[in-house]
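The structure file structure31.csv is reproduced below (CSV, C-alpha atoms).
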```csv
chain,number,residue,atom,x,y,z
A,1,MET,CA,215.9,93.7,216.3
A,2,ALA,CA,212.9,94.5,214.1
A,3,THR,CA,209.6,95.7,215.5
A,4,PHE,CA,206.7,93.4,216.1
A,5,LYS,CA,204.8,95.1,213.3
A,6,THR,CA,207.7,94.4,210.9
A,7,ARG,CA,208.3,90.8,212.1
A,8,ILE,CA,204.7,89.8,211.6
A,9,SER,CA,204.5,91.5,208.3
A,10,GLN,CA,207.5,89.7,207.0
A,11,ILE,CA,206.3,86.2,207.9
A,12,SER,CA,202.8,87.0,206.6
A,13,LYS,CA,204.2,87.7,203.1
A,14,LYS,CA,205.3,84.1,202.9
A,15,ASN,CA,202.8,82.3,205.1
A,16,GLY,CA,199.6,84.4,204.7
A,17,LYS,CA,197.7,86.4,207.3
A,18,ILE,CA,196.2,83.8,209.6
A,19,ILE,CA,196.8,83.8,213.4
A,20,LEU,CA,195.8,80.7,215.2
A,21,ALA,CA,193.7,81.4,218.4
A,22,ASN,CA,194.9,78.3,220.3
A,23,ASP,CA,192.0,78.4,222.8
A,24,TYR,CA,190.9,75.0,224.1
A,25,GLU,CA,188.0,74.2,226.6
A,26,SER,CA,189.1,73.4,230.2
A,27,SER,CA,188.0,69.7,229.6
A,28,VAL,CA,190.8,69.2,227.1
A,29,ASP,CA,193.9,67.4,228.3
A,30,ASN,CA,197.6,67.7,227.2
A,31,LEU,CA,197.3,71.4,226.4
A,32,GLU,CA,201.0,71.9,225.9
A,33,ALA,CA,201.4,68.8,223.6
A,34,LYS,CA,198.3,69.7,221.6
A,35,THR,CA,199.5,73.3,221.1
A,36,ILE,CA,203.0,72.2,220.0
A,37,GLN,CA,201.4,69.7,217.6
A,38,ASN,CA,199.3,72.5,216.2
A,39,ILE,CA,202.4,74.7,215.6
A,40,LYS,CA,204.3,71.8,213.9
A,41,GLN,CA,201.3,70.8,211.8
A,42,LEU,CA,199.9,74.2,210.8
A,43,HIS,CA,202.9,76.6,210.8
A,44,PRO,CA,203.2,76.8,207.0
A,45,TYR,CA,199.8,78.4,206.9
A,46,LEU,CA,200.2,80.8,209.9
A,47,CYS,CA,202.0,84.0,210.6
A,48,GLY,CA,201.3,83.9,214.4
A,49,ILE,CA,199.6,82.1,217.3
A,50,LYS,CA,197.5,83.8,220.0
A,51,LEU,CA,197.4,82.3,223.5
A,52,ASN,CA,194.5,83.2,225.8
A,53,PHE,CA,193.8,82.5,229.5
A,54,HIS,CA,192.8,79.0,228.2
A,55,LEU,CA,196.5,78.2,228.3
A,56,LEU,CA,198.0,80.9,230.4
A,57,LEU,CA,196.2,79.8,233.6
A,58,PRO,CA,196.5,76.0,233.5
A,59,LEU,CA,200.1,76.0,232.2
A,60,GLY,CA,203.3,77.2,233.9
A,61,SER,CA,205.9,79.7,232.7
A,62,LYS,CA,208.2,76.9,231.5
A,63,GLU,CA,205.5,75.4,229.3
A,64,ILE,CA,204.4,78.7,227.9
A,65,SER,CA,208.0,79.7,227.2
A,66,ARG,CA,208.6,76.3,225.5
A,67,ILE,CA,205.5,76.8,223.3
A,68,ASN,CA,206.6,80.4,222.3
A,69,LYS,CA,210.2,79.2,221.5
A,70,ILE,CA,208.9,76.4,219.3
A,71,ALA,CA,206.6,78.9,217.5
A,72,HIS,CA,209.6,81.2,217.0
A,73,SER,CA,211.6,78.3,215.5
A,74,TYR,CA,209.1,78.3,212.7
A,75,GLY,CA,209.1,82.0,212.3
A,76,LEU,CA,205.7,82.6,214.0
A,77,GLN,CA,204.9,85.6,216.2
A,78,THR,CA,203.2,84.9,219.5
A,79,ILE,CA,200.5,87.1,221.1
A,80,ALA,CA,199.3,87.1,224.7
A,81,ASP,CA,195.6,87.8,224.6
A,82,ILE,CA,194.9,89.1,228.1
A,83,LYS,CA,193.1,92.4,227.5
A,84,LEU,CA,195.5,94.1,229.9
A,85,ASN,CA,193.9,97.1,231.6
A,86,ASP,CA,195.4,98.3,234.9
A,87,ILE,CA,197.5,101.0,236.6
A,88,GLY,CA,201.0,101.7,235.2
A,89,ASN,CA,202.9,99.6,237.7
A,90,THR,CA,200.7,96.5,237.2
A,91,ASN,CA,200.9,96.9,233.4
A,92,ARG,CA,204.7,97.0,233.7
A,93,VAL,CA,205.0,94.0,235.9
A,94,THR,CA,202.6,92.0,233.7
A,95,THR,CA,204.4,92.8,230.5
A,96,ASP,CA,207.8,92.0,232.1
A,97,HIS,CA,206.5,88.5,232.9
A,98,LEU,CA,205.1,88.1,229.3
A,99,TRP,CA,208.4,89.1,227.7
A,100,ASN,CA,210.2,86.7,230.1
A,101,VAL,CA,208.3,83.8,228.6
A,102,ASP,CA,209.0,85.0,225.1
A,103,PHE,CA,205.8,86.6,223.9
A,104,ASP,CA,206.1,89.1,221.0
A,105,ALA,CA,203.0,91.2,221.7
A,106,VAL,CA,200.1,91.8,224.1
A,107,ILE,CA,196.4,92.6,223.5
A,108,VAL,CA,195.3,95.4,225.9
A,109,ASN,CA,192.0,97.2,226.7
A,110,PRO,CA,192.3,101.0,226.1
A,111,ILE,CA,189.6,101.7,228.7
A,112,MET,CA,192.7,102.3,231.0
A,113,GLY,CA,192.8,105.8,229.5
A,114,LEU,CA,195.0,107.4,226.8
A,115,ASP,CA,197.8,108.5,229.1
A,116,SER,CA,198.2,105.0,230.6
A,117,LEU,CA,198.0,103.5,227.1
A,118,LYS,CA,200.7,105.8,225.8
A,119,LYS,CA,203.0,104.9,228.6
A,120,LEU,CA,202.4,101.2,228.1
A,121,VAL,CA,203.0,101.4,224.3
A,122,LYS,CA,206.2,103.3,224.9
A,123,LEU,CA,207.4,100.7,227.5
A,124,CYS,CA,206.7,97.8,225.2
A,125,HIS,CA,208.3,99.4,222.2
A,126,LYS,CA,211.5,99.8,224.1
A,127,GLU,CA,211.7,96.0,224.2
A,128,ASN,CA,210.6,95.7,220.5
A,129,LYS,CA,207.3,94.2,221.6
A,130,GLY,CA,203.9,94.9,220.1
A,131,VAL,CA,200.7,96.4,221.6
A,132,ILE,CA,197.3,95.6,220.0
A,133,THR,CA,194.4,97.4,221.5
A,134,LEU,CA,190.7,96.4,221.6
A,135,CYS,CA,188.5,98.5,219.3
A,136,HIS,CA,185.4,96.3,218.7
A,137,MET,CA,185.0,92.7,219.6
A,138,SER,CA,183.3,90.0,217.5
A,139,ALA,CA,180.5,88.8,219.8
A,140,PRO,CA,177.0,90.1,218.9
A,141,GLU,CA,176.6,91.6,222.4
A,142,ALA,CA,179.7,93.7,221.9
A,143,LYS,CA,177.5,96.3,220.3
A,144,LEU,CA,176.0,97.0,223.7
A,145,SER,CA,179.3,98.5,224.9
A,146,TYR,CA,181.5,99.3,222.0
A,147,ASP,CA,178.7,101.1,220.1
A,148,MET,CA,177.8,103.3,223.2
A,149,GLU,CA,177.9,107.0,222.7
A,150,VAL,CA,180.6,108.8,224.8
A,151,LYS,CA,181.3,112.5,225.2
A,152,THR,CA,184.9,113.7,225.2
A,153,GLY,CA,184.5,117.2,223.8
A,154,LYS,CA,182.5,115.6,221.0
A,155,THR,CA,180.0,112.8,220.9
A,156,GLN,CA,181.2,109.6,219.3
A,157,GLN,CA,180.8,105.9,219.7
A,158,LEU,CA,183.2,104.1,222.1
A,159,TYR,CA,185.0,102.1,219.3
A,160,GLN,CA,185.7,105.4,217.5
A,161,LEU,CA,187.3,106.8,220.6
A,162,PHE,CA,189.3,103.6,221.1
A,163,LEU,CA,190.5,103.9,217.5
A,164,ASP,CA,191.5,107.6,218.1
A,165,TRP,CA,193.5,106.5,221.2
A,166,ALA,CA,195.1,103.6,219.3
A,167,ILE,CA,196.4,106.1,216.7
A,168,ALA,CA,197.4,108.7,219.3
A,169,SER,CA,199.3,106.1,221.4
A,170,LYS,CA,201.1,104.7,218.4
A,171,SER,CA,199.8,101.2,219.1
A,172,ASP,CA,200.8,98.5,216.5
A,173,GLY,CA,197.3,97.4,215.8
A,174,ILE,CA,193.6,97.1,216.9
A,175,VAL,CA,191.2,94.3,217.3
A,176,VAL,CA,187.9,94.6,215.3
A,177,GLY,CA,185.6,91.6,215.0
A,178,ALA,CA,185.2,90.0,211.5
A,179,THR,CA,181.4,90.1,212.3
A,180,PHE,CA,181.4,93.9,211.9
A,181,PRO,CA,182.8,94.6,208.4
A,182,LYS,CA,181.4,98.1,208.3
A,183,ILE,CA,183.4,99.0,211.4
A,184,ILE,CA,186.5,97.4,209.9
A,185,ARG,CA,186.1,99.6,206.8
A,186,TYR,CA,185.6,102.7,209.0
A,187,CYS,CA,188.8,101.9,211.0
A,188,SER,CA,190.8,101.0,207.9
A,189,GLN,CA,189.8,104.3,206.1
A,190,LYS,CA,190.6,106.4,209.2
A,191,ALA,CA,193.8,104.7,210.3
A,192,GLY,CA,195.2,104.0,206.9
A,193,LYS,CA,198.6,102.2,207.3
A,194,THR,CA,199.1,103.6,210.8
A,195,LEU,CA,197.6,100.6,212.4
A,196,ASP,CA,197.2,96.9,211.5
A,197,ILE,CA,193.7,95.4,212.0
A,198,PHE,CA,193.4,92.0,213.7
A,199,SER,CA,190.0,90.4,213.3
A,200,PRO,CA,188.6,87.4,215.2
A,201,GLY,CA,185.3,85.8,214.5
A,202,ILE,CA,185.9,84.0,211.2
A,203,GLY,CA,183.7,80.9,210.5
A,204,VAL,CA,182.1,79.7,213.7
A,205,GLN,CA,181.0,83.2,214.8
A,206,GLY,CA,179.8,84.0,211.2
A,207,GLY,CA,182.6,86.2,209.9
A,208,SER,CA,183.7,85.8,206.2
A,209,ALA,CA,187.4,85.7,205.5
A,210,LYS,CA,187.0,87.2,202.1
A,211,GLU,CA,184.7,90.0,203.2
A,212,THR,CA,186.9,90.8,206.2
A,213,ILE,CA,190.0,91.0,204.1
A,214,SER,CA,188.3,93.1,201.5
A,215,SER,CA,187.0,95.5,204.2
A,216,GLY,CA,190.5,96.3,205.3
A,217,THR,CA,191.7,93.8,207.8
A,218,ASP,CA,195.3,92.9,207.9
A,219,TYR,CA,195.2,89.7,209.9
A,220,LEU,CA,192.6,87.0,210.6
A,221,ILE,CA,192.5,85.5,214.1
A,222,VAL,CA,190.9,82.0,213.7
A,223,GLY,CA,190.4,79.4,216.5
A,224,ARG,CA,187.5,76.9,216.6
A,225,THR,CA,187.0,77.0,212.8
A,226,ILE,CA,190.4,75.4,212.5
A,227,LEU,CA,190.8,73.5,215.8
A,228,GLU,CA,187.4,71.8,215.7
A,229,ASP,CA,187.5,70.6,212.1
A,230,LYS,CA,188.4,67.0,211.2
A,231,ASN,CA,191.0,68.3,208.7
A,232,PRO,CA,192.5,71.4,210.3
A,233,VAL,CA,195.4,71.5,207.8
A,234,LYS,CA,192.9,71.8,204.9
A,235,ILE,CA,190.9,74.6,206.6
A,236,ALA,CA,194.1,76.5,207.5
A,237,LYS,CA,195.4,76.2,204.0
A,238,ASP,CA,192.1,77.3,202.5
A,239,LEU,CA,192.0,80.4,204.8
A,240,GLN,CA,195.6,81.2,204.0
A,241,LEU,CA,194.8,81.3,200.3
A,242,GLN,CA,191.8,83.5,201.0
A,243,SER,CA,193.9,85.9,203.1
A,244,LEU,CA,196.4,86.2,200.2
A,245,GLY,CA,193.6,86.8,197.7
A,246,LYS,CA,194.4,83.5,195.9
A,247,LYS,CA,191.0,81.9,196.3
```
This structure in structure tokens:
Amino acid sequence: MATFKTRISQISKKNGKIILANDYESSVDNLEAKTIQNIKQLHPYLCGIKLNFHLLLPLGSKEISRINKIAHSYGLQTIADIKLNDIGNTNRVTTDHLWNVDFDAVIVNPIMGLDSLKKLVKLCHKENKGVITLCHMSAPEAKLSYDMEVKTGKTQQLYQLFLDWAIASKSDGIVVGATFPKIIRYCSQKAGKTLDIFSPGIGVQGGSAKETISSGTDYLIVGRTILEDKNPVKIAKDLQLQSLGKK
């Protein structure tokens, strides 16, 4: 079986570089049906779908597994966005459950430490599953933490340390918000092809698809911009073309 990084690269060559962040408010009903409808309607313009606690908490394992299997039937990769950050045993138990419901990758928080991150990546790669680590989030207040200076033999900002750890642990990718294109460029230049960059924050949060892609991002994570539009297919198709440099 091919690695997660290879699988998502292959589908993106045909479908573009958009990952749907299928995050609904708690007031929304029929979450499973809406998610399956999104997959069936939008899959030609997506390479993956990201499920957050918005679905993981209200839905059961059978529903999540069914969603992931339907996504796979269209060739999409599925990502569990839980910012996993715990001791080794808890990380192992958590990822075992995620793989049992057919996820392809997990987003983790490297604040757990480099040694723990290395062990987690190695564990996931044995199952041909992917690990995407946080580097810098898209919300404006993220600067208060991810831009903090830290000392680990040298003084650097936290996101720079997280990037170093992502490279050292052989993670598959990092999350860097589309609202911080300068940081995307920094990470892209330092990591090269070692890591894929996944960027949330397009549209509603102010990130530009074109600028984000030109800065070095590999995949755009888009939620409300698509989900809340009256014509989500049109928006998804437009973003797909931008991600492929065709618009």
*Leaving out Gly192 in chain A and any residue of its chain fewer than 2 positions from it, which residues lie within 12 Å of it when counting all atoms listed in the file, given as a list in words?*
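Answer for this query is Leu163, Ile167, Gly173, Ile184, Arg185, Tyr186, Cys187, Ser188, Gln189, Lys190, Thr194, Leu195, Asp196, Ile197, Gly216, Thr217 and Asp218 of chain A.
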_Test item: residues at most 8 Å from Ile221 in chain A, all atoms listed in the file, excluding those fewer than 3 positions along its chain, as a ChimeraX atom specification_ = /A:18-21,50,198-202
Restricting it to C-alpha atoms, dump the selection as a short mmCIF file (atom, residue, chain, number, x, y, z; two decimals), in the coordinates of the input.
```cif
data_model
loop_
_atom_site.label_atom_id
_atom_site.label_comp_id
_atom_site.auth_asym_id
_atom_site.auth_seq_id
_atom_site.Cartn_x
_atom_site.Cartn_y
_atom_site.Cartn_z
CA ILE A 18 196.20 83.80 209.60
CA ILE A 19 196.80 83.80 213.40
CA LEU A 20 195.80 80.70 215.20
CA ALA A 21 193.70 81.40 218.40
CA LYS A 50 197.50 83.80 220.00
CA PHE A 198 193.40 92.00 213.70
CA SER A 199 190.00 90.40 213.30
CA PRO A 200 188.60 87.40 215.20
CA GLY A 201 185.30 85.80 214.50
CA ILE A 202 185.90 84.00 211.20
#
```
_Spatial neighbours of range 146-151 of chain A, max dist 12 Å, all atoms listed in the file, sep filter under 2 positions, as an MDAnalysis selection string_ = chainID A and resid 109:111 134:144 153:163 175:177 180 183
*Nearest to Met1 in chain A among A:Lys129, A:Arg224, A:Lys193, A:Lys246, with distances taken over all atoms listed in the file: which residue is it?*
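With all atoms listed in the file as the atom set, the closest residue is A:Lys129.
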*asked:* Counting only C-alpha atoms, which residues sit no farther than 12 Å from the position (200.9, 70.2, 217.3) in the file's frame? I'd like them as a PyMOL selection string.
replied: chain A and resi 20+22+30-43+49+67+70-71+227+232-233
_If I take CA of Asn128 in chain A and CA of Val108 in chain A, how far is one from the other in Å, to one decimal?_
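Interatomic distance here is 16.2 Å.
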*asked:* I'd like the interatomic distance between CA of Trp165 in chain A and CA of Leu114 in chain A, to a tenth of an Å.
replied: 5.9 Å
*Which polymer residues have any atom within 8 Å of an atom of range 62-66 of chain A, counting only C-alpha atoms, with same-chain residues fewer than 4 positions away left out, as a PyMOL selection string?*
chain A and resi 32+55-56+70+100-103
*Among the residues A:Val204, A:Ala105, A:Leu120, A:Leu51, the one that comes closest to Asn89 in chain A [using all atoms listed in the file]*: A:Leu120
_Contacts of Ile87 in chain A within 9 Å, only C-alpha atoms, excl. fewer than 3 positions in-chain, as a list of chain:residue names_ = A:Thr90, A:Asn91, A:Arg92, A:Met112, A:Ser116
*Have a look at A:Leu84, A:Ile79, A:Leu46, A:Val28 and name the one nearest to Ile235 in chain A; count only C-alpha atoms.*
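Between A:Leu84, A:Ile79, A:Leu46, A:Val28, the residue approaching Ile235 in chain A most closely is A:Leu46.
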*asked:* Restricting the calculation to all atoms listed in the file: of A:Leu244, A:Leu57, A:Ala80, A:Ala2, which residue gets closest to Ser26 in chain A?
replied: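 Of A:Leu244, A:Leu57, A:Ala80, A:Ala2, the one nearest Ser26 in chain A is A:Leu57, counting all atoms listed in the file.
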*Have a look at A:Ala209, A:Cys124, A:Val131, A:Asp86 and name the one nearest to Lys247 in chain A; count all atoms listed in the file.*
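Looking at the shortest contact to Lys247 in chain A, the residue is A:Ala209.
Counting all atoms listed in the file, the residue from A:Asp29, A:Pro181, A:His125, A:Cys47 that sits nearest to Lys13 in chain A is A:Cys47.
Taking CA of Lys126 in chain A and CA of Ser171 in chain A as the two end points, the separation is 12.8 Å.
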